[in-house]
>>> print(open('model_28.cif').read())   # mmCIF, C-alpha atoms
data_structure
#
loop_
_atom_site.group_PDB
_atom_site.id
_atom_site.type_symbol
_atom_site.label_atom_id
_atom_site.label_comp_id
_atom_site.auth_asym_id
_atom_site.auth_seq_id
_atom_site.Cartn_x
_atom_site.Cartn_y
_atom_site.Cartn_z
ATOM 1 C CA MET A 1 79.559 2.593 -79.238
ATOM 2 C CA ARG A 2 83.294 2.403 -79.541
ATOM 3 C CA THR A 3 83.692 1.864 -83.259
ATOM 4 C CA PHE A 4 81.706 1.786 -86.423
ATOM 5 C CA ARG A 5 82.490 -1.956 -86.729
ATOM 6 C CA THR A 6 80.759 -2.593 -83.406
ATOM 7 C CA PHE A 7 77.715 -0.675 -84.576
ATOM 8 C CA ILE A 8 77.622 -2.678 -87.823
ATOM 9 C CA ASN A 9 77.853 -5.947 -85.871
ATOM 10 C CA PHE A 10 75.059 -4.914 -83.505
ATOM 11 C CA PHE A 11 72.872 -3.734 -86.361
ATOM 12 C CA SER A 12 73.423 -6.810 -88.540
ATOM 13 C CA ALA A 13 72.776 -9.160 -85.613
ATOM 14 C CA GLU A 14 69.559 -7.300 -84.739
ATOM 15 C CA ILE A 15 68.411 -7.495 -88.346
ATOM 16 C CA GLU A 16 69.242 -11.212 -88.428
ATOM 17 C CA ILE A 17 67.308 -11.931 -85.233
ATOM 18 C CA PHE A 18 64.348 -9.796 -86.306
ATOM 19 C CA ALA A 19 64.152 -11.169 -89.855
ATOM 20 C CA ALA A 20 64.573 -14.816 -88.856
ATOM 21 C CA GLY A 21 62.140 -14.444 -85.942
ATOM 22 C CA THR A 22 59.514 -12.737 -88.072
ATOM 23 C CA ILE A 23 59.830 -15.318 -90.833
ATOM 24 C CA LEU A 24 59.683 -18.112 -88.226
ATOM 25 C CA VAL A 25 56.457 -16.762 -86.729
ATOM 26 C CA LEU A 26 54.971 -16.274 -90.196
ATOM 27 C CA PHE A 27 56.078 -19.770 -91.232
ATOM 28 C CA LEU A 28 54.561 -21.420 -88.158
ATOM 29 C CA THR A 29 51.340 -19.438 -88.586
ATOM 30 C CA ILE A 30 51.006 -20.492 -92.206
ATOM 31 C CA VAL A 31 51.716 -24.137 -91.384
ATOM 32 C CA THR A 32 49.179 -24.020 -88.542
ATOM 33 C CA MET A 33 46.572 -22.517 -90.864
ATOM 34 C CA SER A 34 47.424 -25.040 -93.589
ATOM 35 C CA LEU A 35 44.148 -26.933 -93.343
ATOM 36 C CA SER A 36 42.090 -23.754 -93.688
ATOM 37 C CA MET A 37 44.259 -22.557 -96.564
ATOM 38 C CA ASN A 38 43.788 -25.896 -98.289
ATOM 39 C CA GLN A 39 40.025 -25.498 -98.118
ATOM 40 C CA PHE A 40 40.112 -21.836 -99.174
ATOM 41 C CA PHE A 41 42.835 -21.794 -101.850
ATOM 42 C CA GLY A 42 42.956 -25.461 -102.794
ATOM 43 C CA THR A 43 46.681 -25.786 -102.107
ATOM 44 C CA THR A 44 48.493 -27.750 -99.418
ATOM 45 C CA ILE A 45 51.396 -26.233 -97.502
ATOM 46 C CA TYR A 46 53.876 -28.636 -95.928
ATOM 47 C CA LEU A 47 56.111 -28.298 -92.880
ATOM 48 C CA SER A 48 59.733 -27.846 -93.942
ATOM 49 C CA ARG A 49 62.260 -29.121 -91.429
ATOM 50 C CA PHE A 50 65.161 -27.707 -93.419
ATOM 51 C CA PHE A 51 63.647 -24.231 -93.424
ATOM 52 C CA LEU A 52 62.922 -24.501 -89.705
ATOM 53 C CA ALA A 53 66.559 -25.494 -89.072
ATOM 54 C CA ILE A 54 67.782 -22.583 -91.210
ATOM 55 C CA LEU A 55 65.704 -20.042 -89.261
ATOM 56 C CA ILE A 56 66.649 -21.418 -85.847
ATOM 57 C CA SER A 57 70.354 -21.445 -86.704
ATOM 58 C CA MET A 58 70.103 -17.842 -87.920
ATOM 59 C CA ILE A 59 68.459 -16.787 -84.645
ATOM 60 C CA ILE A 60 71.183 -18.563 -82.645
ATOM 61 C CA ALA A 61 73.877 -16.843 -84.722
ATOM 62 C CA GLY A 62 72.332 -13.401 -84.232
ATOM 63 C CA ILE A 63 72.084 -13.877 -80.474
ATOM 64 C CA SER A 64 75.697 -15.097 -80.353
ATOM 65 C CA ILE A 65 76.954 -12.039 -82.233
ATOM 66 C CA GLN A 66 75.014 -9.802 -79.832
ATOM 67 C CA ILE A 67 76.445 -11.520 -76.751
ATOM 68 C CA SER A 68 79.960 -11.346 -78.185
ATOM 69 C CA ASN A 69 79.684 -7.612 -78.845
ATOM 70 C CA VAL A 70 78.135 -6.827 -75.470
ATOM 71 C CA LYS A 71 80.862 -8.781 -73.667
ATOM 72 C CA ARG A 72 83.542 -6.987 -75.686
ATOM 73 C CA LEU A 73 82.089 -3.584 -74.807
ATOM 74 C CA THR A 74 81.429 -4.211 -71.114
ATOM 75 C CA ASP A 75 84.095 -6.670 -69.939
ATOM 76 C CA GLY A 76 86.808 -6.127 -72.501
ATOM 77 C CA TYR A 77 86.244 -9.799 -73.354
ATOM 78 C CA THR A 78 88.681 -10.900 -76.036
ATOM 79 C CA GLY A 79 87.616 -14.528 -76.350
ATOM 80 C CA TYR A 80 86.019 -15.955 -79.407
ATOM 81 C CA LEU A 81 83.523 -18.521 -78.088
ATOM 82 C CA PHE A 82 80.360 -16.635 -79.072
ATOM 83 C CA SER A 83 81.823 -15.520 -82.396
ATOM 84 C CA SER A 84 82.645 -19.168 -83.142
ATOM 85 C CA ILE A 85 79.086 -20.209 -82.308
ATOM 86 C CA ALA A 86 77.787 -17.514 -84.684
ATOM 87 C CA VAL A 87 80.053 -18.724 -87.501
ATOM 88 C CA ILE A 88 79.028 -22.350 -86.958
ATOM 89 C CA ALA A 89 75.308 -21.520 -86.857
ATOM 90 C CA ASN A 90 75.426 -19.278 -89.948
ATOM 91 C CA SER A 91 77.543 -21.846 -91.785
ATOM 92 C CA ALA A 92 75.021 -24.557 -90.917
ATOM 93 C CA ALA A 93 72.218 -22.414 -92.391
ATOM 94 C CA LEU A 94 74.315 -21.828 -95.503
ATOM 95 C CA ILE A 95 75.055 -25.549 -95.846
ATOM 96 C CA PHE A 96 71.348 -26.401 -95.513
ATOM 97 C CA GLU A 97 70.426 -23.842 -98.171
ATOM 98 C CA THR A 98 73.198 -25.023 -100.492
ATOM 99 C CA PHE A 99 71.984 -28.587 -100.048
ATOM 100 C CA GLU A 100 68.438 -27.555 -100.943
ATOM 101 C CA MET A 101 69.599 -25.518 -103.931
ATOM 102 C CA THR A 102 71.693 -28.420 -105.182
ATOM 103 C CA PHE A 103 68.669 -30.702 -105.354
ATOM 104 C CA TYR A 104 65.867 -28.292 -106.267
ATOM 105 C CA GLY A 105 67.645 -25.341 -107.876
ATOM 106 C CA MET A 106 66.547 -21.779 -107.262
ATOM 107 C CA ASN A 107 63.018 -23.022 -106.626
ATOM 108 C CA TRP A 108 64.047 -24.679 -103.351
ATOM 109 C CA PHE A 109 61.824 -22.306 -101.369
ATOM 110 C CA GLY A 110 58.701 -23.158 -103.346
ATOM 111 C CA PHE A 111 59.446 -26.864 -103.378
ATOM 112 C CA GLU A 112 59.914 -26.996 -99.607
ATOM 113 C CA PHE A 113 56.436 -25.606 -98.969
ATOM 114 C CA PHE A 114 54.366 -26.879 -101.885
ATOM 115 C CA ARG A 115 56.289 -30.055 -102.882
ATOM 116 C CA VAL A 116 55.805 -29.104 -106.545
ATOM 117 C CA GLN A 117 58.276 -27.632 -109.032
ATOM 118 C CA THR A 118 56.671 -24.446 -110.324
ATOM 119 C CA ASN A 119 57.940 -21.671 -112.553
ATOM 120 C CA ASN A 120 56.937 -18.921 -110.173
ATOM 121 C CA SER A 121 59.555 -16.174 -110.375
ATOM 122 C CA PHE A 122 58.455 -14.735 -107.020
ATOM 123 C CA LEU A 123 59.444 -17.974 -105.258
ATOM 124 C CA TYR A 124 62.781 -17.922 -107.118
ATOM 125 C CA LEU A 125 63.356 -14.392 -105.847
ATOM 126 C CA ILE A 126 62.497 -15.274 -102.242
ATOM 127 C CA GLY A 127 64.811 -18.299 -102.333
ATOM 128 C CA PHE A 128 67.641 -16.267 -103.823
ATOM 129 C CA LEU A 129 67.227 -13.403 -101.338
ATOM 130 C CA ILE A 130 67.255 -15.771 -98.363
ATOM 131 C CA PHE A 131 70.395 -17.432 -99.732
ATOM 132 C CA LEU A 132 72.082 -14.078 -100.375
ATOM 133 C CA TYR A 133 71.186 -12.839 -96.889
ATOM 134 C CA THR A 134 72.614 -15.994 -95.314
ATOM 135 C CA VAL A 135 75.854 -15.615 -97.280
ATOM 136 C CA LEU A 136 76.133 -11.992 -96.125
ATOM 137 C CA MET A 137 75.507 -12.895 -92.474
ATOM 138 C CA THR A 138 78.033 -15.744 -92.664
ATOM 139 C CA ILE A 139 80.659 -13.319 -93.972
ATOM 140 C CA ILE A 140 79.861 -10.787 -91.231
ATOM 141 C CA SER A 141 80.086 -13.449 -88.517
ATOM 142 C CA MET A 142 83.401 -14.698 -89.957
ATOM 143 C CA LEU A 143 84.771 -11.145 -89.910
ATOM 144 C CA ASP A 144 83.635 -10.829 -86.299
ATOM 145 C CA LEU A 145 85.466 -14.064 -85.460
ATOM 146 C CA LEU A 146 88.614 -12.892 -87.218
ATOM 147 C CA TYR A 147 88.463 -9.643 -85.267
ATOM 148 C CA ALA A 148 88.012 -11.553 -81.999
ATOM 149 C CA VAL A 149 90.959 -13.837 -82.764
ATOM 150 C CA GLY A 150 93.094 -10.845 -83.755
ATOM 151 C CA GLU A 151 92.217 -9.075 -80.497
ATOM 152 C CA SER A 152 93.343 -11.916 -78.235
#
>>> encode(input="model_28.cif", output="structure tokens")
Amino acid sequence: MRTFRTFINFFSAEIEIFAAGTILVLFLTIVTMSLSMNQFFGTTIYLSRFFLAILISMIIAGISIQISNVKRLTDGYTGYLFSSIAVIANSAALIFETFEMTFYGMNWFGFEFFRVQTNNSFLYLIGFLIFLYTVLMTIISMLDLLYAVGES
């Protein structure tokens, strides 16, 4: 590793890919098991296209940050194509979450899956943490883009 900034970018992109991938697999498993869960728990879980788009855009952004850092370390690449893709993908996830929070409030996570407004503080916390994580990753990808533009 050349700098601490490169390490932070690698680490944050790995965390983003891992977290979004794990949540995506868990989400698809729960939606697939929805019929069984309905019979067992008596609740219906719906497929959320917005949440699916948020997770996919986060995975794309993490992969783009990784490619950008690897190209910078190996080739001395000073372009900003992959950093721009990461900023666009993270910004799209942030826009989707802001859109959901505008209509459903902090309970957007619970409403997307259950289609009911509940006062479950755990669902509020999950929705807020996902939003906070997306804001953080958007800032990190923007800093990576600014560094790439400053390098060239």
>>> atom_distance(input="model_28.cif", atom1="CA of Gly127 (chain A)", atom2="CA of Gly110 (chain A)")
7.9 Å
>>> atom_distance(input="model_28.cif", atom1="CA of Ala89 (chain A)", atom2="CA of Ile139 (chain A)")
12.1 Å
>>> resolve_selection(input="model_28.cif", expression="the PyMOL selection byres ((chain A and resi 114-118) around 10)", output="MDAnalysis selection string")
chainID A and resid 43:48 104:105 107:113 119:121 123:124
>>> resolve_selection(input="model_28.cif", expression="the PyMOL selection byres ((chain A and resi 130-136) around 8)", output="list in words")
Asn90, Ala93, Leu94, Glu97, Ile126, Gly127, Phe128, Leu129, Met137, Thr138, Ile139 and Ile140 of chain A
>>> atom_distance(input="model_28.cif", atom1="CA of Glu151 (chain A)", atom2="CA of Lys71 (chain A)")
13.3 Å
>>> resolve_selection(input="model_28.cif", expression="the PyMOL selection byres ((chain A and resi 64) around 12)", output="ChimeraX atom specification")
/A:9-10,12-14,16-17,57-63,65-71,80-90,141,144-145
>>> write_last_selection(input="model_28.cif", atoms="C-alpha atoms", output="CSV table (one decimal), keeping the file's coordinate frame")
chain,number,residue,atom,x,y,z
A,9,ASN,CA,77.9,-5.9,-85.9
A,10,PHE,CA,75.1,-4.9,-83.5
A,12,SER,CA,73.4,-6.8,-88.5
A,13,ALA,CA,72.8,-9.2,-85.6
A,14,GLU,CA,69.6,-7.3,-84.7
A,16,GLU,CA,69.2,-11.2,-88.4
A,17,ILE,CA,67.3,-11.9,-85.2
A,57,SER,CA,70.4,-21.4,-86.7
A,58,MET,CA,70.1,-17.8,-87.9
A,59,ILE,CA,68.5,-16.8,-84.6
A,60,ILE,CA,71.2,-18.6,-82.6
A,61,ALA,CA,73.9,-16.8,-84.7
A,62,GLY,CA,72.3,-13.4,-84.2
A,63,ILE,CA,72.1,-13.9,-80.5
A,65,ILE,CA,77.0,-12.0,-82.2
A,66,GLN,CA,75.0,-9.8,-79.8
A,67,ILE,CA,76.4,-11.5,-76.8
A,68,SER,CA,80.0,-11.3,-78.2
A,69,ASN,CA,79.7,-7.6,-78.8
A,70,VAL,CA,78.1,-6.8,-75.5
A,71,LYS,CA,80.9,-8.8,-73.7
A,80,TYR,CA,86.0,-16.0,-79.4
A,81,LEU,CA,83.5,-18.5,-78.1
A,82,PHE,CA,80.4,-16.6,-79.1
A,83,SER,CA,81.8,-15.5,-82.4
A,84,SER,CA,82.6,-19.2,-83.1
A,85,ILE,CA,79.1,-20.2,-82.3
A,86,ALA,CA,77.8,-17.5,-84.7
A,87,VAL,CA,80.1,-18.7,-87.5
A,88,ILE,CA,79.0,-22.4,-87.0
A,89,ALA,CA,75.3,-21.5,-86.9
A,90,ASN,CA,75.4,-19.3,-89.9
A,141,SER,CA,80.1,-13.4,-88.5
A,144,ASP,CA,83.6,-10.8,-86.3
A,145,LEU,CA,85.5,-14.1,-85.5
>>> decode(input="model_28.cif", residues="region 73-122 of chain A", atoms="N, CA and C atoms", output="PDB file, in the first residue's frame")
ATOM      1  N   LEU A  73      -2.651   1.937  -8.349  1.00  0.00           N
ATOM      2  CA  LEU A  73      -1.465   1.320  -7.765  1.00  0.00           C
ATOM      3  C   LEU A  73      -0.606   0.608  -8.802  1.00  0.00           C
ATOM      4  N   THR A  74      -1.237  -0.058  -9.767  1.00  0.00           N
ATOM      5  CA  THR A  74      -0.462  -0.861 -10.716  1.00  0.00           C
ATOM      6  C   THR A  74      -0.016  -0.078 -11.944  1.00  0.00           C
ATOM      7  N   ASP A  75      -0.915   0.681 -12.548  1.00  0.00           N
ATOM      8  CA  ASP A  75      -0.599   1.367 -13.806  1.00  0.00           C
ATOM      9  C   ASP A  75      -0.193   2.817 -13.623  1.00  0.00           C
ATOM     10  N   GLY A  76      -0.412   3.360 -12.449  1.00  0.00           N
ATOM     11  CA  GLY A  76      -0.224   4.796 -12.284  1.00  0.00           C
ATOM     12  C   GLY A  76      -1.348   5.551 -12.975  1.00  0.00           C
ATOM     13  N   TYR A  77      -2.495   4.885 -13.102  1.00  0.00           N
ATOM     14  CA  TYR A  77      -3.672   5.445 -13.775  1.00  0.00           C
ATOM     15  C   TYR A  77      -4.141   6.685 -13.038  1.00  0.00           C
ATOM     16  N   THR A  78      -4.288   7.790 -13.750  1.00  0.00           N
ATOM     17  CA  THR A  78      -4.725   9.021 -13.107  1.00  0.00           C
ATOM     18  C   THR A  78      -6.094   9.463 -13.614  1.00  0.00           C
ATOM     19  N   GLY A  79      -6.772   8.623 -14.362  1.00  0.00           N
ATOM     20  CA  GLY A  79      -8.101   8.977 -14.838  1.00  0.00           C
ATOM     21  C   GLY A  79      -9.131   8.883 -13.740  1.00  0.00           C
ATOM     22  N   TYR A  80     -10.310   9.304 -14.049  1.00  0.00           N
ATOM     23  CA  TYR A  80     -11.351   9.328 -13.036  1.00  0.00           C
ATOM     24  C   TYR A  80     -12.644   8.668 -13.495  1.00  0.00           C
ATOM     25  N   LEU A  81     -12.575   7.761 -14.441  1.00  0.00           N
ATOM     26  CA  LEU A  81     -13.765   7.073 -14.944  1.00  0.00           C
ATOM     27  C   LEU A  81     -14.405   6.208 -13.856  1.00  0.00           C
ATOM     28  N   PHE A  82     -13.632   5.352 -13.219  1.00  0.00           N
ATOM     29  CA  PHE A  82     -14.189   4.442 -12.219  1.00  0.00           C
ATOM     30  C   PHE A  82     -14.614   5.185 -10.955  1.00  0.00           C
ATOM     31  N   SER A  83     -13.884   6.230 -10.597  1.00  0.00           N
ATOM     32  CA  SER A  83     -14.292   7.042  -9.451  1.00  0.00           C
ATOM     33  C   SER A  83     -15.610   7.752  -9.741  1.00  0.00           C
ATOM     34  N   SER A  84     -15.799   8.187 -10.986  1.00  0.00           N
ATOM     35  CA  SER A  84     -17.063   8.826 -11.369  1.00  0.00           C
ATOM     36  C   SER A  84     -18.218   7.837 -11.315  1.00  0.00           C
ATOM     37  N   ILE A  85     -17.974   6.618 -11.764  1.00  0.00           N
ATOM     38  CA  ILE A  85     -19.016   5.583 -11.697  1.00  0.00           C
ATOM     39  C   ILE A  85     -19.391   5.316 -10.241  1.00  0.00           C
ATOM     40  N   ALA A  86     -18.400   5.277  -9.351  1.00  0.00           N
ATOM     41  CA  ALA A  86     -18.674   5.048  -7.929  1.00  0.00           C
ATOM     42  C   ALA A  86     -19.502   6.187  -7.338  1.00  0.00           C
ATOM     43  N   VAL A  87     -19.183   7.421  -7.694  1.00  0.00           N
ATOM     44  CA  VAL A  87     -19.950   8.563  -7.185  1.00  0.00           C
ATOM     45  C   VAL A  87     -21.381   8.519  -7.703  1.00  0.00           C
ATOM     46  N   ILE A  88     -21.551   8.210  -8.972  1.00  0.00           N
ATOM     47  CA  ILE A  88     -22.896   8.148  -9.559  1.00  0.00           C
ATOM     48  C   ILE A  88     -23.712   7.034  -8.917  1.00  0.00           C
ATOM     49  N   ALA A  89     -23.112   5.867  -8.733  1.00  0.00           N
ATOM     50  CA  ALA A  89     -23.849   4.737  -8.145  1.00  0.00           C
ATOM     51  C   ALA A  89     -24.209   5.005  -6.684  1.00  0.00           C
ATOM     52  N   ASN A  90     -23.260   5.535  -5.899  1.00  0.00           N
ATOM     53  CA  ASN A  90     -23.573   5.847  -4.500  1.00  0.00           C
ATOM     54  C   ASN A  90     -24.587   6.979  -4.395  1.00  0.00           C
ATOM     55  N   SER A  91     -24.501   7.950  -5.288  1.00  0.00           N
ATOM     56  CA  SER A  91     -25.477   9.043  -5.282  1.00  0.00           C
ATOM     57  C   SER A  91     -26.861   8.535  -5.655  1.00  0.00           C
ATOM     58  N   ALA A  92     -26.932   7.588  -6.573  1.00  0.00           N
ATOM     59  CA  ALA A  92     -28.229   7.007  -6.938  1.00  0.00           C
ATOM     60  C   ALA A  92     -28.843   6.289  -5.741  1.00  0.00           C
ATOM     61  N   ALA A  93     -28.034   5.536  -4.991  1.00  0.00           N
ATOM     62  CA  ALA A  93     -28.534   4.865  -3.786  1.00  0.00           C
ATOM     63  C   ALA A  93     -29.017   5.889  -2.766  1.00  0.00           C
ATOM     64  N   LEU A  94     -28.270   6.967  -2.608  1.00  0.00           N
ATOM     65  CA  LEU A  94     -28.659   8.016  -1.669  1.00  0.00           C
ATOM     66  C   LEU A  94     -29.950   8.710  -2.106  1.00  0.00           C
ATOM     67  N   ILE A  95     -30.104   8.935  -3.395  1.00  0.00           N
ATOM     68  CA  ILE A  95     -31.329   9.555  -3.908  1.00  0.00           C
ATOM     69  C   ILE A  95     -32.523   8.626  -3.690  1.00  0.00           C
ATOM     70  N   PHE A  96     -32.351   7.332  -3.948  1.00  0.00           N
ATOM     71  CA  PHE A  96     -33.444   6.382  -3.709  1.00  0.00           C
ATOM     72  C   PHE A  96     -33.855   6.362  -2.232  1.00  0.00           C
ATOM     73  N   GLU A  97     -32.863   6.355  -1.344  1.00  0.00           N
ATOM     74  CA  GLU A  97     -33.175   6.330   0.084  1.00  0.00           C
ATOM     75  C   GLU A  97     -33.825   7.630   0.532  1.00  0.00           C
ATOM     76  N   THR A  98     -33.361   8.757   0.001  1.00  0.00           N
ATOM     77  CA  THR A  98     -33.969  10.041   0.346  1.00  0.00           C
ATOM     78  C   THR A  98     -35.409  10.101  -0.146  1.00  0.00           C
ATOM     79  N   PHE A  99     -35.647   9.570  -1.326  1.00  0.00           N
ATOM     80  CA  PHE A  99     -36.998   9.498  -1.868  1.00  0.00           C
ATOM     81  C   PHE A  99     -37.905   8.677  -0.965  1.00  0.00           C
ATOM     82  N   GLU A 100     -37.424   7.522  -0.529  1.00  0.00           N
ATOM     83  CA  GLU A 100     -38.198   6.667   0.365  1.00  0.00           C
ATOM     84  C   GLU A 100     -38.441   7.345   1.719  1.00  0.00           C
ATOM     85  N   MET A 101     -37.421   8.007   2.242  1.00  0.00           N
ATOM     86  CA  MET A 101     -37.571   8.665   3.533  1.00  0.00           C
ATOM     87  C   MET A 101     -38.493   9.875   3.444  1.00  0.00           C
ATOM     88  N   THR A 102     -38.556  10.499   2.291  1.00  0.00           N
ATOM     89  CA  THR A 102     -39.458  11.632   2.116  1.00  0.00           C
ATOM     90  C   THR A 102     -40.909  11.179   2.216  1.00  0.00           C
ATOM     91  N   PHE A 103     -41.225  10.037   1.623  1.00  0.00           N
ATOM     92  CA  PHE A 103     -42.602   9.568   1.627  1.00  0.00           C
ATOM     93  C   PHE A 103     -42.993   8.796   2.880  1.00  0.00           C
ATOM     94  N   TYR A 104     -42.076   8.005   3.425  1.00  0.00           N
ATOM     95  CA  TYR A 104     -42.436   7.110   4.529  1.00  0.00           C
ATOM     96  C   TYR A 104     -41.756   7.450   5.840  1.00  0.00           C
ATOM     97  N   GLY A 105     -40.878   8.434   5.845  1.00  0.00           N
ATOM     98  CA  GLY A 105     -40.183   8.808   7.079  1.00  0.00           C
ATOM     99  C   GLY A 105     -39.095   7.804   7.419  1.00  0.00           C
ATOM    100  N   MET A 106     -38.729   7.767   8.684  1.00  0.00           N
ATOM    101  CA  MET A 106     -37.663   6.865   9.113  1.00  0.00           C
ATOM    102  C   MET A 106     -38.084   5.402   9.058  1.00  0.00           C
ATOM    103  N   ASN A 107     -39.356   5.156   8.871  1.00  0.00           N
ATOM    104  CA  ASN A 107     -39.851   3.780   8.800  1.00  0.00           C
ATOM    105  C   ASN A 107     -39.876   3.270   7.353  1.00  0.00           C
ATOM    106  N   TRP A 108     -39.072   3.863   6.476  1.00  0.00           N
ATOM    107  CA  TRP A 108     -39.091   3.452   5.079  1.00  0.00           C
ATOM    108  C   TRP A 108     -38.687   1.997   4.913  1.00  0.00           C
ATOM    109  N   PHE A 109     -37.779   1.518   5.753  1.00  0.00           N
ATOM    110  CA  PHE A 109     -37.312   0.137   5.660  1.00  0.00           C
ATOM    111  C   PHE A 109     -38.438  -0.840   5.981  1.00  0.00           C
ATOM    112  N   GLY A 110     -39.160  -0.580   7.042  1.00  0.00           N
ATOM    113  CA  GLY A 110     -40.276  -1.448   7.419  1.00  0.00           C
ATOM    114  C   GLY A 110     -41.421  -1.377   6.428  1.00  0.00           C
ATOM    115  N   PHE A 111     -41.684  -0.199   5.898  1.00  0.00           N
ATOM    116  CA  PHE A 111     -42.783  -0.054   4.956  1.00  0.00           C
ATOM    117  C   PHE A 111     -42.488  -0.762   3.638  1.00  0.00           C
ATOM    118  N   GLU A 112     -41.236  -0.736   3.210  1.00  0.00           N
ATOM    119  CA  GLU A 112     -40.872  -1.400   1.957  1.00  0.00           C
ATOM    120  C   GLU A 112     -41.117  -2.904   2.006  1.00  0.00           C
ATOM    121  N   PHE A 113     -40.898  -3.517   3.156  1.00  0.00           N
ATOM    122  CA  PHE A 113     -41.035  -4.966   3.257  1.00  0.00           C
ATOM    123  C   PHE A 113     -42.407  -5.430   3.724  1.00  0.00           C
ATOM    124  N   PHE A 114     -43.042  -4.666   4.601  1.00  0.00           N
ATOM    125  CA  PHE A 114     -44.308  -5.120   5.174  1.00  0.00           C
ATOM    126  C   PHE A 114     -45.519  -4.358   4.657  1.00  0.00           C
ATOM    127  N   ARG A 115     -45.293  -3.218   3.981  1.00  0.00           N
ATOM    128  CA  ARG A 115     -46.357  -2.364   3.445  1.00  0.00           C
ATOM    129  C   ARG A 115     -47.298  -1.860   4.532  1.00  0.00           C
ATOM    130  N   VAL A 116     -46.809  -1.731   5.750  1.00  0.00           N
ATOM    131  CA  VAL A 116     -47.600  -1.246   6.873  1.00  0.00           C
ATOM    132  C   VAL A 116     -46.731  -0.270   7.662  1.00  0.00           C
ATOM    133  N   GLN A 117     -47.311   0.834   8.110  1.00  0.00           N
ATOM    134  CA  GLN A 117     -46.588   1.755   8.977  1.00  0.00           C
ATOM    135  C   GLN A 117     -46.668   1.231  10.410  1.00  0.00           C
ATOM    136  N   THR A 118     -45.540   0.854  10.953  1.00  0.00           N
ATOM    137  CA  THR A 118     -45.490   0.350  12.326  1.00  0.00           C
ATOM    138  C   THR A 118     -44.613   1.261  13.173  1.00  0.00           C
ATOM    139  N   ASN A 119     -44.732   1.166  14.443  1.00  0.00           N
ATOM    140  CA  ASN A 119     -43.890   1.936  15.359  1.00  0.00           C
ATOM    141  C   ASN A 119     -42.814   1.040  15.956  1.00  0.00           C
ATOM    142  N   ASN A 120     -42.156   0.300  15.122  1.00  0.00           N
ATOM    143  CA  ASN A 120     -41.100  -0.594  15.559  1.00  0.00           C
ATOM    144  C   ASN A 120     -39.774   0.159  15.522  1.00  0.00           C
ATOM    145  N   SER A 121     -39.189   0.413  16.665  1.00  0.00           N
ATOM    146  CA  SER A 121     -37.959   1.204  16.720  1.00  0.00           C
ATOM    147  C   SER A 121     -36.780   0.469  16.085  1.00  0.00           C
ATOM    148  N   PHE A 122     -36.818  -0.850  16.055  1.00  0.00           N
ATOM    149  CA  PHE A 122     -35.740  -1.607  15.412  1.00  0.00           C
ATOM    150  C   PHE A 122     -35.710  -1.341  13.911  1.00  0.00           C
TER     151      PHE A 122
END
